[in-house]
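> Sending over entry_15.txt (compact mmCIF, C-alpha atoms).
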```
# COMPACT_ATOMS: atom_id res chain seq x y z
CA MET I 1 0.00 0.00 0.00
CA LYS I 2 1.15 3.54 -0.72
CA ILE I 3 0.57 6.25 1.87
CA GLY I 4 1.26 9.98 1.75
CA LEU I 5 3.28 11.58 4.54
CA ILE I 6 3.53 15.31 5.15
CA GLY I 7 6.13 16.59 7.62
CA LEU I 8 9.40 14.69 8.04
CA GLY I 9 10.94 16.20 11.13
CA LYS I 10 11.90 14.12 14.18
CA MET I 11 8.54 12.42 14.54
CA GLY I 12 7.55 12.32 10.88
CA SER I 13 10.81 10.70 9.83
CA SER I 14 10.36 8.08 12.55
CA ILE I 15 6.82 7.36 11.33
CA ALA I 16 8.29 6.94 7.83
CA TYR I 17 10.89 4.50 9.13
CA ARG I 18 8.28 2.26 10.75
CA LEU I 19 6.05 2.30 7.68
CA LEU I 20 8.94 1.46 5.37
CA LYS I 21 10.05 -1.44 7.59
CA ASN I 22 6.50 -2.78 7.38
CA ASN I 23 6.64 -2.75 3.57
CA TYR I 24 4.58 0.36 2.88
CA GLU I 25 5.44 2.67 0.03
CA ILE I 26 5.59 6.34 1.00
CA LEU I 27 5.01 9.45 -1.06
CA ALA I 28 6.55 12.17 1.08
CA PHE I 29 6.24 15.95 1.08
CA ASP I 30 8.24 18.41 3.15
CA PRO I 31 9.30 21.70 1.52
CA ASN I 32 11.76 22.43 4.34
CA ILE I 33 14.04 19.39 3.85
CA ASN I 34 15.64 18.11 0.65
CA GLU I 35 15.34 14.50 -0.43
CA ASN I 36 18.86 13.42 0.53
CA GLU I 37 18.45 14.96 3.98
CA ILE I 38 15.17 13.11 4.49
CA ILE I 39 16.71 9.75 3.56
CA ASN I 40 19.62 10.37 5.93
CA ILE I 41 17.28 11.46 8.75
CA ILE I 42 15.04 8.42 8.32
CA PHE I 43 17.82 5.84 8.30
CA GLU I 44 20.62 7.64 10.21
CA ASN I 45 23.40 5.00 10.42
CA ASP I 46 21.11 2.10 9.56
CA PHE I 47 22.79 1.31 6.23
CA GLU I 48 21.26 -2.16 5.92
CA ASN I 49 17.67 -0.90 6.01
CA LYS I 50 18.60 2.18 4.00
CA ASN I 51 19.71 -0.01 1.10
CA ARG I 52 16.70 -2.26 1.51
CA TYR I 53 13.92 0.31 1.74
CA LYS I 54 15.15 3.62 0.28
CA ASN I 55 13.55 2.84 -3.08
CA ASN I 56 10.14 2.55 -1.39
CA ILE I 57 9.99 6.25 -0.57
CA TYR I 58 9.21 8.80 -3.26
CA PHE I 59 8.95 12.57 -3.06
CA ALA I 60 6.18 14.87 -4.19
CA GLN I 61 7.12 18.38 -5.22
CA THR I 62 3.70 19.86 -4.41
CA LEU I 63 0.60 19.09 -2.38
CA GLU I 64 -1.27 18.83 -5.67
CA GLU I 65 0.99 16.01 -6.83
CA LEU I 66 0.65 14.25 -3.49
CA ALA I 67 -3.15 14.47 -3.48
CA GLN I 68 -3.38 13.06 -7.01
CA LYS I 69 -1.29 9.97 -6.27
CA VAL I 70 -2.49 8.73 -2.87
CA ASN I 71 -5.86 8.49 -1.13
CA THR I 72 -4.53 8.21 2.44
CA ILE I 73 -2.28 10.92 3.91
CA TRP I 74 -0.67 11.11 7.37
CA LEU I 75 0.12 14.61 8.67
CA MET I 76 2.90 15.20 11.20
CA LEU I 77 2.78 18.99 11.46
CA PRO I 78 2.78 21.58 14.26
CA ALA I 79 -0.65 22.27 15.70
CA GLY I 80 -2.45 25.39 14.57
CA GLU I 81 -2.59 27.33 11.35
CA ILE I 82 -0.15 25.24 9.32
CA THR I 83 -2.19 22.09 10.02
CA ASN I 84 -5.48 23.88 9.28
CA GLN I 85 -4.26 25.30 5.98
CA THR I 86 -2.76 22.00 4.85
CA VAL I 87 -5.87 19.97 5.73
CA LEU I 88 -8.24 22.38 4.00
CA LYS I 89 -6.07 22.59 0.90
CA LEU I 90 -5.84 18.80 0.70
CA SER I 91 -9.60 18.49 1.08
CA ASN I 92 -10.00 20.48 -2.14
CA LEU I 93 -7.46 18.34 -4.00
CA MET I 94 -8.07 14.75 -2.92
CA GLN I 95 -10.60 12.36 -4.40
CA GLN I 96 -13.83 11.79 -2.52
CA GLU I 97 -13.67 9.11 0.21
CA SER I 98 -9.96 9.81 0.71
CA ILE I 99 -8.57 9.80 4.25
CA ILE I 100 -6.49 12.36 6.13
CA ILE I 101 -4.90 11.42 9.47
CA ASP I 102 -3.66 14.17 11.78
CA GLY I 103 -0.93 12.63 13.93
CA GLY I 104 0.08 15.92 15.56
CA ASN I 105 -1.00 17.67 18.74
CA SER I 106 -3.99 19.61 17.41
CA HIS I 107 -6.60 20.95 19.82
CA PHE I 108 -9.55 18.56 19.91
CA LYS I 109 -12.08 21.34 19.23
CA ASN I 110 -10.15 22.40 16.16
CA THR I 111 -10.15 18.76 15.05
CA GLN I 112 -13.94 18.62 15.42
CA GLU I 113 -14.32 21.74 13.26
CA LEU I 114 -12.07 20.38 10.52
CA TYR I 115 -13.92 17.06 10.54
CA LEU I 116 -17.22 18.82 9.87
CA LYS I 117 -15.74 20.92 7.06
CA LEU I 118 -14.21 17.86 5.41
CA LYS I 119 -17.44 15.88 5.80
CA THR I 120 -19.18 18.33 3.43
CA LYS I 121 -16.54 17.45 0.81
CA ASN I 122 -16.83 13.71 1.47
CA ILE I 123 -13.26 13.53 2.79
CA ASN I 124 -12.62 11.41 5.89
CA TYR I 125 -10.64 12.77 8.82
CA LEU I 126 -9.09 10.81 11.70
CA ASP I 127 -7.18 12.25 14.64
CA CYS I 128 -4.31 10.33 16.18
CA GLY I 129 -2.52 11.32 19.35
CA THR I 130 1.06 10.06 18.94
CA SER I 131 3.30 9.36 21.93
CA GLY I 132 6.69 7.72 22.24
CA GLY I 133 9.12 10.48 21.38
CA VAL I 134 12.24 9.81 19.36
CA ALA I 135 12.47 6.30 20.84
CA GLY I 136 9.23 5.35 19.10
CA LYS I 137 11.16 4.97 15.87
CA PHE I 138 12.55 1.64 17.07
CA ASN I 139 10.20 0.77 19.95
CA GLY I 140 6.94 1.67 18.24
CA TYR I 141 4.46 4.37 19.21
CA SER I 142 1.46 4.67 21.47
CA LEU I 143 -1.44 5.81 19.27
CA MET I 144 -4.75 7.27 20.48
CA ILE I 145 -7.26 7.40 17.65
CA GLY I 146 -10.53 9.24 17.17
CA GLY I 147 -13.01 9.63 14.31
CA ASP I 148 -15.44 7.44 12.40
CA LYS I 149 -14.92 3.86 13.55
CA LYS I 150 -15.51 2.37 10.10
CA ILE I 151 -12.74 4.51 8.66
CA PHE I 152 -10.42 3.49 11.50
CA GLU I 153 -11.15 -0.17 10.82
CA LYS I 154 -10.52 0.31 7.11
CA ILE I 155 -6.93 1.50 7.71
CA GLU I 156 -6.24 -0.11 11.09
CA HIS I 157 -3.27 -1.90 9.54
CA ILE I 158 -1.45 1.47 9.28
CA PHE I 159 -1.75 2.12 13.00
CA LYS I 160 -0.65 -1.43 13.74
CA ALA I 161 2.49 -0.91 11.65
CA ILE I 162 3.44 2.30 13.46
CA ALA I 163 2.51 1.31 17.02
CA THR I 164 4.33 -0.83 19.52
CA LYS I 165 2.65 -4.16 20.34
CA ASN I 166 -0.83 -3.45 21.77
CA GLY I 167 0.05 0.24 21.53
CA TYR I 168 -2.94 1.62 19.66
CA ASN I 169 -6.66 1.89 20.29
CA TYR I 170 -9.74 3.48 18.78
CA LEU I 171 -11.06 5.71 21.56
CA GLY I 172 -14.19 7.39 20.25
CA SER I 173 -15.68 9.99 17.97
CA THR I 174 -13.80 12.82 16.28
CA GLY I 175 -11.34 14.60 18.59
CA ALA I 176 -11.16 11.77 21.14
CA GLY I 177 -7.63 10.85 20.09
CA HIS I 178 -6.35 14.39 20.39
CA TYR I 179 -8.25 14.90 23.65
CA VAL I 180 -6.66 11.84 25.26
CA LYS I 181 -3.20 12.86 24.00
CA MET I 182 -3.73 16.35 25.42
CA VAL I 183 -4.46 14.91 28.88
CA HIS I 184 -1.52 12.51 28.47
CA ASN I 185 0.76 15.53 27.99
CA GLY I 186 -0.73 17.25 31.04
CA ILE I 187 0.08 14.17 33.12
CA GLU I 188 3.58 14.18 31.64
CA TYR I 189 4.18 17.72 32.92
CA SER I 190 3.31 16.70 36.46
CA LEU I 191 5.36 13.51 36.35
CA LEU I 192 8.46 15.31 35.10
CA GLN I 193 8.13 17.95 37.81
CA SER I 194 7.65 15.36 40.54
CA TYR I 195 10.80 13.46 39.58
CA ALA I 196 12.69 16.74 39.23
CA GLU I 197 11.77 17.93 42.72
CA GLY I 198 12.80 14.62 44.26
CA PHE I 199 16.20 14.69 42.59
CA ASP I 200 16.64 18.34 43.55
CA LEU I 201 16.22 17.35 47.20
CA LEU I 202 18.55 14.36 46.87
CA LYS I 203 21.18 16.55 45.25
CA ASN I 204 20.94 19.62 47.47
CA ASN I 205 19.98 18.42 50.97
CA ASN I 206 22.17 19.14 54.01
CA ASN I 207 21.97 15.64 55.52
CA TYR I 208 23.66 13.43 52.93
CA LYS I 209 26.03 15.17 50.56
CA ASN I 210 27.27 13.57 47.36
CA LEU I 211 24.49 11.02 46.96
CA ASP I 212 25.03 9.20 43.67
CA LEU I 213 21.93 9.93 41.60
CA GLU I 214 22.83 7.35 38.97
CA LYS I 215 22.99 4.58 41.60
CA ILE I 216 19.70 5.77 43.08
CA THR I 217 17.92 5.71 39.71
CA ASP I 218 19.44 2.31 38.93
CA THR I 219 18.09 0.99 42.24
CA TRP I 220 14.64 2.48 41.71
CA ILE I 221 14.36 1.20 38.15
CA ASN I 222 14.73 -2.34 39.44
CA GLY I 223 11.56 -3.10 41.34
CA SER I 224 10.55 0.16 43.03
CA VAL I 225 7.01 1.51 43.00
CA ILE I 226 8.09 4.61 41.04
CA ARG I 227 9.98 2.82 38.26
CA SER I 228 9.15 4.07 34.78
CA TRP I 229 10.62 4.96 31.38
CA ILE I 230 11.09 8.51 32.61
CA LEU I 231 13.19 7.15 35.47
CA GLU I 232 15.29 5.19 32.97
CA LEU I 233 15.88 8.45 31.12
CA CYS I 234 16.90 10.06 34.42
CA LYS I 235 19.55 7.36 34.72
CA ASN I 236 20.79 8.21 31.22
CA VAL I 237 21.14 11.85 32.27
CA PHE I 238 22.94 11.15 35.55
CA GLU I 239 25.33 8.64 33.96
CA LYS I 240 26.79 11.52 31.98
CA ASP I 241 26.39 14.49 34.31
CA GLN I 242 24.96 14.91 37.81
CA GLU I 243 26.00 18.52 38.33
CA LEU I 244 24.24 20.06 35.29
CA LYS I 245 26.19 23.26 35.88
CA ASN I 246 26.31 24.23 32.21
CA ILE I 247 22.61 23.57 31.58
CA SER I 248 20.01 26.32 31.67
CA GLY I 249 17.00 25.62 33.86
CA ALA I 250 14.67 27.62 31.62
CA ILE I 251 12.02 25.18 30.32
CA ASP I 252 9.84 25.77 27.29
CA GLU I 253 6.34 24.35 27.03
CA ASN I 254 4.05 23.31 24.23
CA LEU I 255 0.36 24.18 24.10
CA THR I 256 -1.06 20.86 25.24
CA GLY I 257 -0.29 21.40 28.93
CA ARG I 258 -2.19 24.70 28.95
CA TRP I 259 -5.04 23.17 26.99
CA THR I 260 -5.32 20.37 29.54
CA LEU I 261 -5.50 22.85 32.41
CA ASP I 262 -8.08 24.97 30.56
CA GLU I 263 -10.21 21.88 30.03
CA ALA I 264 -9.87 20.84 33.67
CA ILE I 265 -11.01 24.29 34.80
CA ALA I 266 -13.97 24.16 32.40
CA GLU I 267 -14.93 20.73 33.74
CA LYS I 268 -14.33 21.79 37.37
CA ILE I 269 -11.66 19.11 37.81
CA ASN I 270 -8.79 20.03 40.12
CA MET I 271 -5.40 19.60 38.44
CA GLN I 272 -3.27 21.50 40.92
CA LEU I 273 -0.11 19.56 40.12
CA LEU I 274 -0.35 20.51 36.46
CA LYS I 275 -1.03 24.15 37.35
CA ASP I 276 2.02 24.21 39.61
CA SER I 277 4.15 22.56 36.92
CA LEU I 278 3.12 25.16 34.35
CA ASP I 279 3.77 27.99 36.82
CA ILE I 280 7.23 26.58 37.57
CA ARG I 281 8.05 26.40 33.88
CA LYS I 282 6.90 29.97 33.34
CA LYS I 283 8.99 31.21 36.27
CA SER I 284 12.01 29.22 35.02
CA ARG I 285 11.96 31.24 31.81
CA GLU I 286 12.04 34.42 33.87
CA ASN I 287 14.75 33.54 36.41
CA GLY I 288 16.69 30.65 34.81
CA GLY I 289 15.15 27.97 37.02
CA ASN I 290 16.93 25.65 39.46
CA TYR I 291 18.42 22.16 39.59
CA GLY I 292 14.98 20.57 39.29
CA THR I 293 14.05 22.46 36.15
CA LYS I 294 17.44 21.54 34.69
CA VAL I 295 16.48 17.90 35.19
CA VAL I 296 13.19 18.51 33.37
CA ALA I 297 15.03 20.21 30.49
CA MET I 298 17.36 17.22 30.17
CA LEU I 299 14.48 14.74 30.25
CA ARG I 300 12.61 16.65 27.53
CA ASN I 301 15.70 16.37 25.39
CA GLN I 302 15.97 12.64 26.13
CA PHE I 303 12.45 11.66 25.11
CA GLY I 304 11.48 14.37 22.66
CA GLY I 305 14.72 15.71 21.23
CA HIS I 306 13.89 19.19 22.55
CA SER I 307 16.87 21.52 22.46
CA ILE I 308 18.92 22.12 25.60
CA LYS I 309 19.85 25.70 26.45
CA LYS I 310 23.33 26.27 27.83
CA ASN I 311 24.32 28.70 30.54
```
Would you write out, as structure tokens, the structure that this file holds?


Amino acid sequence: MKIGLIGLGKMGSSIAYRLLKNNYEILAFDPNINENEIINIIFENDFENKNRYKNNIYFAQTLEELAQKVNTIWLMLPAGEITNQTVLKLSNLMQQESIIIDGGNSHFKNTQELYLKLKTKNINYLDCGTSGGVAGKFNGYSLMIGGDKKIFEKIEHIFKAIATKNGYNYLGSTGAGHYVKMVHNGIEYSLLQSYAEGFDLLKNNNNYKNLDLEKITDTWINGSVIRSWILELCKNVFEKDQELKNISGAIDENLTGRWTLDEAIAEKINMQLLKDSLDIRKKSRENGGNYGTKVVAMLRNQFGGHSIKKN
């Protein structure tokens, strides 16, 4: 099967890798990266798979060309206007009954609006919350899918190819996938902050100086109640550097955390931990943060490839 793919940054190139390894043909479009760069990004140093699958990816020069040659397109674009414009333009170019999948972090209400607009043109629209970070390229992704169930079932094989084992589910009507991913990201904010505060105390207490944070994380990973992938990433950080003196503690944020808090307020659900985490991030950008926010910055780089600011 041939599938269109728009957006080949960190996540999009990883999606491409998993599709290619599962014997899909890809027609790709990304005006910001040339073809040789895309091939190198997808396969990195994986020369064996590069030689095996590189001829299964083709490149469209325009959206018009893409829309003419495929009837299923996966979008991996930043949320907001660029996604809106691309979806609406595609809806005027693709054949009726075609399918567009938004794998980015769009707001669920925006997704609902686009679905209704595309429905009038007889174009199908699925939303897919995509989690797994840069490691999903090899481990597989966690996929949260919303939209018309019959359309999901028609192309379920695509989600199965991209996801880790048992890592995808249809969750409900249009927007459900993006809604669940939004809340997932809100939980992520609180988890990162909780780990960061604990390690800040371990590092900077006056009772036990020079505690080895790598040994602590290694111990916790093996059997403790708080073991997790995030904790494994903490170990990766502390193996290399426990002082973090040259790292800025200023942490950026994406929109999904704020959206989650806005939704919680609207639903009268208390999410105090998320609110505190967002406030800490905002303050870190004003005053440079502390050891805990440095830990968060390093973890964001580990799982999402987010840039690290230096002091």

> Do a neighbour search on Leu171 (chain I) at 7 Å with all atoms listed in the file, toss out local chain neighbours closer than 4 positions, and write the hits as a list of chain:residue names.

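Counting only the stated atoms, we get I:Met144, I:Ile145, I:Gly146, I:Ala176, I:Gly177.
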
> Please, what is the axis-aligned box for every listed atom of region 266-277 of chain I with 8 Å on each side, as centre and edge lengths in Å to one decimal, as AutoDock Vina command-line options?


```
--center_x -5.4 --center_y 21.7 --center_z 36.7 --size_x 35.1 --size_y 21.1 --size_z 24.5
```

> Could you give me, as a PyMOL selection string, the residues within 8 Å of Lys149 (chain I), counting all atoms listed in the file and dropping anything in the same chain fewer than 3 positions from it?

chain I and resi 146+152-153+170+172-173

> Leaving out Ile57 (chain I) and any residue of its chain fewer than 3 positions from it, which residues lie within 6 Å of it when counting all atoms listed in the file, given as a PDB file with C-alpha atoms, in the frame of the given file?


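The result, written out as result-v1.pdb:
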```
ATOM      1  CA  GLU I  25       5.440   2.670   0.030  1.00  0.00           C
ATOM      2  CA  ILE I  26       5.590   6.340   1.000  1.00  0.00           C
ATOM      3  CA  LEU I  27       5.010   9.450  -1.060  1.00  0.00           C
ATOM      4  CA  LYS I  54      15.150   3.620   0.280  1.00  0.00           C
TER       5      LYS I  54
END
```

> Residues within 10 Å of Tyr17 (chain I), please, as a list in words. Count only C-alpha atoms; anything in the same chain fewer than 5 positions from it doesn't count.

Met11, Gly12, Asn22, Tyr24, Ile26, Ile39, Ile41, Ile42, Phe43, Asn49, Lys50, Tyr53, Lys54, Ile57, Lys137, Phe138 and Ile162 of chain I

> Need the shell around Ile151 (chain I): protein/DNA/RNA residues with any atom at most 9 Å away, counting only C-alpha atoms. Skip same-chain ones fewer than 2 positions apart. Format as a short mmCIF file (atom, residue, chain, number, x, y, z; two decimals) with C-alpha atoms, keeping the file's coordinate frame?


```cif
data_model
loop_
_atom_site.label_atom_id
_atom_site.label_comp_id
_atom_site.auth_asym_id
_atom_site.auth_seq_id
_atom_site.Cartn_x
_atom_site.Cartn_y
_atom_site.Cartn_z
CA ILE I 99 -8.57 9.80 4.25
CA ASN I 124 -12.62 11.41 5.89
CA TYR I 125 -10.64 12.77 8.82
CA LEU I 126 -9.09 10.81 11.70
CA GLY I 147 -13.01 9.63 14.31
CA ASP I 148 -15.44 7.44 12.40
CA LYS I 149 -14.92 3.86 13.55
CA GLU I 153 -11.15 -0.17 10.82
CA LYS I 154 -10.52 0.31 7.11
CA ILE I 155 -6.93 1.50 7.71
CA GLU I 156 -6.24 -0.11 11.09
#
```

> Which value, in Å to one decimal, gives the distance between CA of Gly304 (chain I) and CA of Val134 (chain I)?

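Value for the CA of Gly304 (chain I)-CA of Val134 (chain I) distance: 5.7 Å.
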
> Using only C-alpha atoms for the distances, tell me which of I:Glu197, I:Asn205, I:Asn246, I:Thr260 is nearest to Ile280 (chain I).

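Answer, going by the shortest atom-to-atom distance: I:Glu197.
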
> At what distance in Å, to one decimal, does CA of His178 (chain I) lie from CA of Tyr195 (chain I)?

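CA of His178 (chain I) lies at a distance of 25.8 Å from CA of Tyr195 (chain I).
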
> One decimal, Å: what's the distance from CA of Tyr115 (chain I) over to CA of Ile33 (chain I), could you say?

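About the pair CA of Tyr115 (chain I) and CA of Ile33 (chain I): they are 28.8 Å apart.
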
> I need the residue nearest Ile123 (chain I) from this list: I:Ser106, I:Asn222, I:Asn301, I:Glu97. Use only C-alpha atoms for the distance.

I:Glu97

> Let me make sure I understand: among I:Ser284, I:Gly292, I:Lys275, I:Cys234, which one has the smallest atom-to-atom distance to Asn204 (chain I) if we use only C-alpha atoms?

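Of the candidates, the smallest distance to Asn204 (chain I) is held by I:Gly292.
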
> Please check which residues have atoms at most 10 Å from (5.1, 0.5, 11.0) in the file's coordinates, counting all atoms listed in the file, and write them as a PDB file with C-alpha atoms, keeping the file's coordinate frame.


```pdb
ATOM      1  CA  SER I  14      10.360   8.080  12.550  1.00  0.00           C
ATOM      2  CA  ILE I  15       6.820   7.360  11.330  1.00  0.00           C
ATOM      3  CA  ALA I  16       8.290   6.940   7.830  1.00  0.00           C
ATOM      4  CA  TYR I  17      10.890   4.500   9.130  1.00  0.00           C
ATOM      5  CA  ARG I  18       8.280   2.260  10.750  1.00  0.00           C
ATOM      6  CA  LEU I  19       6.050   2.300   7.680  1.00  0.00           C
ATOM      7  CA  LEU I  20       8.940   1.460   5.370  1.00  0.00           C
ATOM      8  CA  LYS I  21      10.050  -1.440   7.590  1.00  0.00           C
ATOM      9  CA  ASN I  22       6.500  -2.780   7.380  1.00  0.00           C
ATOM     10  CA  ASN I  23       6.640  -2.750   3.570  1.00  0.00           C
ATOM     11  CA  TYR I  24       4.580   0.360   2.880  1.00  0.00           C
ATOM     12  CA  LYS I 137      11.160   4.970  15.870  1.00  0.00           C
ATOM     13  CA  PHE I 138      12.550   1.640  17.070  1.00  0.00           C
ATOM     14  CA  GLY I 140       6.940   1.670  18.240  1.00  0.00           C
ATOM     15  CA  TYR I 141       4.460   4.370  19.210  1.00  0.00           C
ATOM     16  CA  HIS I 157      -3.270  -1.900   9.540  1.00  0.00           C
ATOM     17  CA  ILE I 158      -1.450   1.470   9.280  1.00  0.00           C
ATOM     18  CA  PHE I 159      -1.750   2.120  13.000  1.00  0.00           C
ATOM     19  CA  LYS I 160      -0.650  -1.430  13.740  1.00  0.00           C
ATOM     20  CA  ALA I 161       2.490  -0.910  11.650  1.00  0.00           C
ATOM     21  CA  ILE I 162       3.440   2.300  13.460  1.00  0.00           C
ATOM     22  CA  ALA I 163       2.510   1.310  17.020  1.00  0.00           C
ATOM     23  CA  THR I 164       4.330  -0.830  19.520  1.00  0.00           C
TER      24      THR I 164
END
```

> Nearest residue to Thr130 (chain I) out of I:Asn185, I:Asn270, I:Asn110, I:Asn207, using all atoms listed in the file?

I:Asn185

> Using all atoms listed in the file for the distances, tell me which of I:Asn166, I:Asn122, I:Gln112, I:Lys117 is nearest to Asn139 (chain I).

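The closest residue to Asn139 (chain I) is I:Asn166.
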
> Nearest residue to Asp252 (chain I) out of I:Leu114, I:Met1, I:Ala297, I:Ile230, using all atoms listed in the file?

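Answer, going by the shortest atom-to-atom distance: I:Ala297.
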
> List every protein, DNA or RNA residue that has at least one atom no more than 6 Å from (12.8, 2.2, 35.0) in the file's coordinates, counting all atoms listed in the file, and write the result as a list in words.

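Within 6 Å of (12.8, 2.2, 35.0), the protein and nucleic acid residues are Ile221, Arg227, Ser228, Trp229, Leu231 and Glu232 of chain I.
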
> Would you output that residue set with C-alpha atoms, as a compact mmCIF listing (two decimals), in the frame of the given file?


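So out05.txt came out as:
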```txt
# COMPACT_ATOMS: atom_id res chain seq x y z
CA ILE I 221 14.36 1.20 38.15
CA ARG I 227 9.98 2.82 38.26
CA SER I 228 9.15 4.07 34.78
CA TRP I 229 10.62 4.96 31.38
CA LEU I 231 13.19 7.15 35.47
CA GLU I 232 15.29 5.19 32.97
```
